[in-house]
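> Structure file data.csv, CSV, C-alpha atoms and all ligand atoms, is pasted below:
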```csv
chain,number,residue,atom,x,y,z
A,1,MET,CA,33.8,22.8,-39.1
A,2,ALA,CA,35.1,21.7,-35.8
A,3,TYR,CA,33.4,19.1,-33.6
A,4,LYS,CA,33.7,18.1,-30.0
A,5,LEU,CA,32.3,15.3,-27.9
A,6,GLY,CA,28.9,15.9,-26.2
A,7,GLU,CA,27.1,14.1,-23.5
A,8,VAL,CA,26.8,10.3,-23.2
A,9,ILE,CA,23.6,9.0,-24.8
A,10,LEU,CA,24.3,5.3,-24.1
A,11,SER,CA,26.7,4.2,-21.4
A,12,ARG,CA,29.0,1.1,-21.7
A,13,GLU,CA,26.9,-0.6,-19.1
A,14,SER,CA,23.6,-0.1,-20.9
A,15,ILE,CA,25.1,-1.2,-24.2
A,16,ALA,CA,26.5,-4.4,-22.6
A,17,ARG,CA,23.1,-5.2,-21.1
A,18,ARG,CA,21.3,-4.7,-24.3
A,19,VAL,CA,23.9,-6.6,-26.4
A,20,HIS,CA,23.4,-9.6,-24.0
A,21,GLU,CA,19.6,-9.5,-24.5
A,22,LEU,CA,20.0,-9.3,-28.3
A,23,ALA,CA,22.3,-12.3,-28.3
A,24,GLU,CA,19.7,-14.2,-26.2
A,25,ASP,CA,16.9,-13.3,-28.6
A,26,ILE,CA,18.9,-14.4,-31.6
A,27,ALA,CA,19.9,-17.6,-30.0
A,28,ARG,CA,16.3,-18.4,-29.0
A,29,ASP,CA,14.9,-17.6,-32.4
A,30,ASN,CA,17.6,-19.4,-34.3
A,31,GLY,CA,16.9,-22.8,-32.7
A,32,LYS,CA,19.5,-25.1,-31.2
A,33,ASP,CA,20.3,-27.2,-34.2
A,34,ASN,CA,20.6,-24.3,-36.7
A,35,SER,CA,23.8,-22.6,-37.7
A,36,VAL,CA,23.8,-18.9,-38.3
A,37,VAL,CA,26.1,-16.7,-40.4
A,38,ILE,CA,26.6,-13.3,-38.8
A,39,VAL,CA,27.5,-10.8,-41.5
A,40,GLY,CA,29.1,-7.6,-40.1
A,41,ILE,CA,29.2,-4.4,-42.2
A,42,LEU,CA,32.6,-2.8,-41.8
A,43,THR,CA,33.9,-0.8,-40.2
A,44,GLY,CA,31.5,0.5,-37.5
A,45,ALA,CA,29.6,-2.8,-36.9
A,46,ALA,CA,32.7,-4.8,-36.1
A,47,PHE,CA,32.8,-3.5,-32.5
A,48,PHE,CA,29.1,-4.4,-31.9
A,49,LEU,CA,29.4,-7.7,-33.7
A,50,THR,CA,32.4,-9.0,-31.7
A,51,ASP,CA,30.6,-8.3,-28.4
A,52,LEU,CA,27.3,-9.7,-29.7
A,53,VAL,CA,28.7,-13.1,-30.8
A,54,ARG,CA,30.6,-13.6,-27.6
A,55,GLU,CA,27.3,-13.4,-25.7
A,56,MET,CA,25.9,-16.3,-27.8
A,57,PRO,CA,25.8,-19.8,-26.3
A,58,GLU,CA,28.9,-21.9,-26.7
A,59,ASP,CA,26.9,-24.8,-28.3
A,60,MET,CA,25.4,-22.5,-31.0
A,61,ASP,CA,26.9,-22.9,-34.5
A,62,VAL,CA,27.9,-19.3,-35.1
A,63,ARG,CA,30.0,-18.2,-38.2
A,64,VAL,CA,31.2,-14.7,-38.8
A,65,ASP,CA,31.9,-13.0,-42.0
A,66,PHE,CA,32.4,-9.3,-43.0
A,67,MET,CA,31.5,-7.0,-45.9
A,68,SER,CA,32.5,-3.5,-46.7
A,69,VAL,CA,30.1,-1.6,-48.9
A,70,ALA,CA,29.1,1.9,-50.1
A,71,SER,CA,25.6,2.6,-51.3
A,72,TYR,CA,24.6,4.8,-54.2
A,73,GLY,CA,21.1,5.9,-55.0
A,74,ASP,CA,18.3,7.9,-53.4
A,75,SER,CA,14.8,7.3,-52.0
A,76,THR,CA,13.4,7.2,-55.5
A,77,THR,CA,15.7,4.5,-56.7
A,78,SER,CA,14.0,1.2,-56.2
A,79,SER,CA,16.8,-1.2,-56.7
A,80,GLY,CA,19.8,0.9,-55.7
A,81,VAL,CA,23.5,0.1,-56.2
A,82,VAL,CA,25.9,-1.2,-53.7
A,83,ARG,CA,29.6,-1.0,-54.4
A,84,ILE,CA,31.4,-3.8,-52.7
A,85,PHE,CA,34.9,-2.9,-51.3
A,86,HIS,CA,35.3,-6.2,-49.5
A,87,ASP,CA,33.1,-9.2,-50.1
A,88,LEU,CA,32.1,-12.2,-47.9
A,89,LYS,CA,34.7,-15.0,-47.8
A,90,SER,CA,32.1,-17.8,-47.9
A,91,SER,CA,28.9,-18.5,-49.9
A,92,ILE,CA,25.6,-17.7,-48.0
A,93,GLU,CA,23.4,-19.9,-50.2
A,94,GLY,CA,21.1,-22.0,-48.0
A,95,LYS,CA,22.4,-20.4,-44.8
A,96,ASN,CA,20.6,-18.5,-42.0
A,97,VAL,CA,22.1,-15.1,-42.3
A,98,ILE,CA,21.9,-12.1,-39.9
A,99,VAL,CA,23.3,-8.8,-41.1
A,100,VAL,CA,24.7,-6.8,-38.3
A,101,GLU,CA,24.9,-3.0,-38.7
A,102,ASP,CA,25.9,-0.3,-36.3
A,103,ILE,CA,23.1,2.2,-37.2
A,104,VAL,CA,20.2,2.4,-39.6
A,105,ASP,CA,19.4,6.0,-40.6
A,106,THR,CA,17.7,6.6,-43.9
A,107,GLY,CA,17.8,2.8,-44.5
A,108,LEU,CA,19.2,3.1,-48.0
A,109,THR,CA,22.5,1.3,-47.4
A,110,LEU,CA,20.8,-1.6,-45.7
A,111,SER,CA,18.0,-1.9,-48.1
A,112,HIS,CA,20.4,-2.0,-51.1
A,113,LEU,CA,22.6,-4.4,-49.3
A,114,LEU,CA,19.7,-6.7,-48.5
A,115,GLU,CA,18.6,-6.8,-52.1
A,116,LEU,CA,22.1,-7.8,-53.1
A,117,LEU,CA,22.3,-10.6,-50.4
A,118,LYS,CA,18.8,-11.9,-51.3
A,119,GLY,CA,20.2,-12.6,-54.8
A,120,ARG,CA,22.6,-15.0,-53.2
A,121,HIS,CA,19.7,-17.2,-52.0
A,122,PRO,CA,20.2,-17.5,-48.2
A,123,ALA,CA,17.7,-19.8,-46.4
A,124,SER,CA,16.8,-16.8,-44.3
A,125,LEU,CA,17.9,-13.2,-44.0
A,126,LYS,CA,17.5,-11.1,-40.9
A,127,VAL,CA,18.8,-7.7,-39.7
A,128,CYS,CA,20.3,-6.7,-36.3
A,129,VAL,CA,21.1,-3.1,-35.7
A,130,LEU,CA,22.5,-1.5,-32.6
A,131,LEU,CA,20.9,1.9,-33.2
A,132,ASP,CA,17.9,2.9,-35.1
A,133,LYS,CA,17.3,6.6,-36.1
A,134,TYR,CA,13.7,5.7,-37.1
A,135,GLU,CA,12.7,9.4,-37.7
A,136,ARG,CA,15.0,9.6,-40.7
A,137,ARG,CA,13.9,6.6,-42.6
A,138,LYS,CA,13.5,7.1,-46.4
A,139,THR,CA,12.9,3.5,-47.3
A,140,GLU,CA,11.3,0.7,-45.4
A,141,VAL,CA,13.8,-1.8,-43.9
A,142,LYS,CA,12.6,-4.7,-41.7
A,143,VAL,CA,14.8,-4.6,-38.6
A,144,ASP,CA,14.4,-7.9,-36.8
A,145,TYR,CA,16.6,-7.0,-33.8
A,146,CYS,CA,17.2,-3.5,-32.6
A,147,GLY,CA,19.4,-2.4,-29.7
A,148,PHE,CA,18.1,1.2,-29.2
A,149,ARG,CA,15.9,3.7,-31.0
A,150,ILE,CA,17.6,7.1,-30.9
A,151,PRO,CA,16.7,10.6,-31.9
A,152,ASP,CA,18.0,12.3,-35.0
A,153,LYS,CA,21.3,13.5,-33.7
A,154,PHE,CA,24.8,12.5,-34.8
A,155,VAL,CA,26.5,10.0,-32.4
A,156,VAL,CA,29.9,8.5,-32.1
A,157,GLY,CA,31.7,5.8,-30.1
A,158,TYR,CA,31.4,2.0,-29.9
A,159,GLY,CA,32.5,1.7,-33.5
A,160,LEU,CA,30.7,4.8,-34.8
A,161,ASP,CA,33.0,7.5,-36.2
A,162,CYS,CA,33.0,11.2,-37.1
A,163,ALA,CA,35.4,11.5,-40.1
A,164,GLY,CA,37.3,8.5,-38.8
A,165,LYS,CA,37.6,9.7,-35.2
A,166,TRP,CA,36.1,8.4,-31.9
A,167,ARG,CA,35.3,4.9,-32.9
A,168,HIS,CA,37.2,3.6,-29.9
A,169,LEU,CA,35.0,5.2,-27.3
A,170,LYS,CA,33.4,2.8,-24.9
A,171,ASP,CA,30.2,4.9,-24.5
A,172,ILE,CA,28.1,6.3,-27.3
A,173,LYS,CA,28.1,10.1,-27.2
A,174,TYR,CA,26.6,13.0,-29.1
A,175,VAL,CA,28.8,15.2,-31.2
A,176,ILE,CA,28.6,19.0,-30.9
A,177,GLU,CA,29.5,21.5,-33.7
A,178,GLU,CA,31.8,24.2,-32.4
A,201,LIG,P1,21.7,5.0,-44.1
A,201,LIG,O1,21.9,4.4,-45.4
A,201,LIG,O2,20.8,4.2,-43.2
A,201,LIG,O3,21.2,6.4,-44.2
A,201,LIG,O4,23.1,5.1,-43.5
A,201,LIG,C1,23.6,4.3,-42.5
A,201,LIG,C2,25.0,4.8,-42.3
A,201,LIG,O5,25.1,6.2,-42.0
A,201,LIG,C3,25.7,4.1,-41.1
A,201,LIG,O6,26.3,2.9,-41.4
A,201,LIG,C4,26.7,5.2,-40.6
A,201,LIG,O7,27.9,5.0,-41.4
A,201,LIG,C5,26.1,6.5,-41.1
A,201,LIG,N1,25.4,7.2,-39.9
A,201,LIG,C6,24.1,7.6,-39.8
A,201,LIG,N2,23.9,8.2,-38.7
A,201,LIG,C7,25.0,8.3,-38.0
A,201,LIG,C8,25.4,8.8,-36.7
A,201,LIG,O8,24.6,9.4,-35.9
A,201,LIG,N3,26.7,8.6,-36.4
A,201,LIG,C9,27.6,8.0,-37.2
A,201,LIG,N4,28.9,7.9,-36.8
A,201,LIG,N5,27.3,7.5,-38.4
A,201,LIG,C10,26.0,7.6,-38.8
```
Please re-express this file's structure in structure tokens.
Ligand code: 5GP


Amino acid sequence: MAYKLGEVILSRESIARRVHELAEDIARDNGKDNSVVIVGILTGAAFFLTDLVREMPEDMDVRVDFMSVASYGDSTTSSGVVRIFHDLKSSIEGKNVIVVEDIVDTGLTLSHLLELLKGRHPASLKVCVLLDKYERRKTEVKVDYCGFRIPDKFVVGYGLDCAGKWRHLKDIKYVIEE
């Protein structure tokens, strides 16, 4: 099947504004003296994460780490399995962790990943997603910070791809099947 780019759903300006607000919310909630470990889920969230952390105050103790995972299991699997392709460089034990993901759809990937990270005993574990396709949820995931709730249509750009393409777009666009 061939695909082409559709209309803009989120412009670069509205993304930038919202990313700034999210960074402010995180900084406020985290407290001045606390450090935070931002865990980005590769590859899509890397684009969002780098903008997000650069909107955080200079005097905030912000650490960045990345993971690459694939999730197996379905809505009936309670524990789920996460295959790790690339793991964190540092221990998160006793740390305030915020997982940053580009999009939450069924919620399966994130819920499996959160179970795995909980087992590493962080002091706190929160979730920040740029996009939430809430209509498609198959399992409950507590999203602490959400950029935008979007309808159930496939989107690309700002890190999100379609078979590896279009991650580099500055705006987020719909994809149309030709
Ligand atoms: P979940 O486990 O929540 O169903 O899956 C989340 C993953 O599905 C995201 O990390 C992303 O890779 C993919 N995904 C879901 N919806 C979209 C979409 O509209 N566009 C793109 N590019 N990826 C999506």

> With ligand LIG 201 (chain A) as the partner and 8 Å as the cut-off, tabulate the residues of chain A that qualify, each row holding the nearest pair of atoms and their distance in Å to one decimal, using all atoms listed in the file, sorted by chain and rising number, as CSV.


```
residue,atom,partner,partner_atom,distance
A:Ile41,CA,A:LIG201,O6,7.9
A:Gly44,CA,A:LIG201,O6,6.9
A:Ala45,CA,A:LIG201,O6,8.0
A:Ser71,CA,A:LIG201,O1,7.2
A:Glu101,CA,A:LIG201,O6,6.6
A:Asp102,CA,A:LIG201,O6,6.0
A:Ile103,CA,A:LIG201,C3,5.1
A:Val104,CA,A:LIG201,O2,4.1
A:Asp105,CA,A:LIG201,O2,3.5
A:Thr106,CA,A:LIG201,O3,3.5
A:Gly107,CA,A:LIG201,O2,3.6
A:Leu108,CA,A:LIG201,O1,4.0
A:Thr109,CA,A:LIG201,O1,3.7
A:Leu110,CA,A:LIG201,O1,6.1
A:Ser111,CA,A:LIG201,O1,7.9
A:Lys133,CA,A:LIG201,N2,7.3
A:Arg136,CA,A:LIG201,O3,7.8
A:Arg137,CA,A:LIG201,O2,7.3
A:Asp152,CA,A:LIG201,O8,7.3
A:Lys153,CA,A:LIG201,O8,5.7
A:Phe154,CA,A:LIG201,O8,3.3
A:Val155,CA,A:LIG201,O8,4.0
A:Val156,CA,A:LIG201,N4,4.8
A:Gly157,CA,A:LIG201,N4,7.6
A:Gly159,CA,A:LIG201,N4,7.9
A:Leu160,CA,A:LIG201,N4,4.1
A:Asp161,CA,A:LIG201,N4,4.2
A:Cys162,CA,A:LIG201,N4,5.3
A:Tyr174,CA,A:LIG201,O8,7.9
```

> Tell me which of A:Arg54, A:Lys142, A:Lys32, A:Arg63 sits closest to Val19 of chain A, counting only C-alpha atoms.

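Comparing A:Arg54, A:Lys142, A:Lys32, A:Arg63 against Val19 of chain A, the winner is A:Arg54.
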
> Which protein, DNA or RNA residues have an atom at most 10 Å from (25.3, -21.4, -36.5), counting only C-alpha atoms? List them as a VMD selection string.

chain A and resid 27 30 to 38 59 to 64 95 to 97

> Given the choices A:Val127, A:Leu169, A:Val8, A:Gly94, which gets closest to Val143 of chain A if the distance is worked out from only C-alpha atoms?

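Between A:Val127, A:Leu169, A:Val8, A:Gly94, the residue approaching Val143 of chain A most closely is A:Val127.
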
> Quick one: pull the distance between atom CA of Gly119 of chain A and atom CA of Glu135 of chain A, Å, one decimal.

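That distance, rounded to one decimal, is 28.9 Å.
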
> Just checking: using all atoms listed in the file, which residue out of A:Tyr134, A:Phe47, A:Tyr158, A:Phe66 ends up closest to Ile172 of chain A?

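Of A:Tyr134, A:Phe47, A:Tyr158, A:Phe66, the one nearest Ile172 of chain A, counting all atoms listed in the file, is A:Tyr158.
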
> If you measure from atom CA of Thr139 of chain A to atom CA of Lys126 of chain A, what distance in Å do you get, rounded to one decimal?

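Atom CA of Lys126 of chain A lies at a distance of 16.6 Å from atom CA of Thr139 of chain A.
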
> Rounded to one decimal place, report the atom CA of Ile98 of chain A-atom CA of Lys138 of chain A distance in Å.

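A separation of 21.9 Å between them.
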
> Report as a tab-separated table (two decimals) with C-alpha atoms, in the coordinates of the input all protein, DNA and RNA residues lying within 9 Å of Arg18 of chain A, evaluated on only C-alpha atoms, omitting residues in the same chain fewer than 5 positions from it.


```
chain	number	residue	atom	x	y	z
A	13	GLU	CA	26.90	-0.60	-19.10
A	23	ALA	CA	22.30	-12.30	-28.30
A	130	LEU	CA	22.50	-1.50	-32.60
A	147	GLY	CA	19.40	-2.40	-29.70
A	148	PHE	CA	18.10	1.20	-29.20
```

> Can you tell me, as number ranges by chain, what residues are no more than 6 Å from Arg120 of chain A when counting all atoms listed in the file, ignoring any on the same chain fewer than 2 positions away?

A: 93, 117-118

> In terms of the shortest atom-to-atom distance over all atoms listed in the file, which of A:Val175, A:Ile26, A:Ala70, A:Leu42 is closest to Glu55 of chain A?

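Smallest distance to Glu55 of chain A is found for A:Ile26.
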
> Got a sec: who's within 6 Å of Arg12 of chain A, counting all atoms listed in the file, leaving out chain neighbours fewer than 3 positions off, as a PyMOL selection string?

chain A and resi 15+170-171
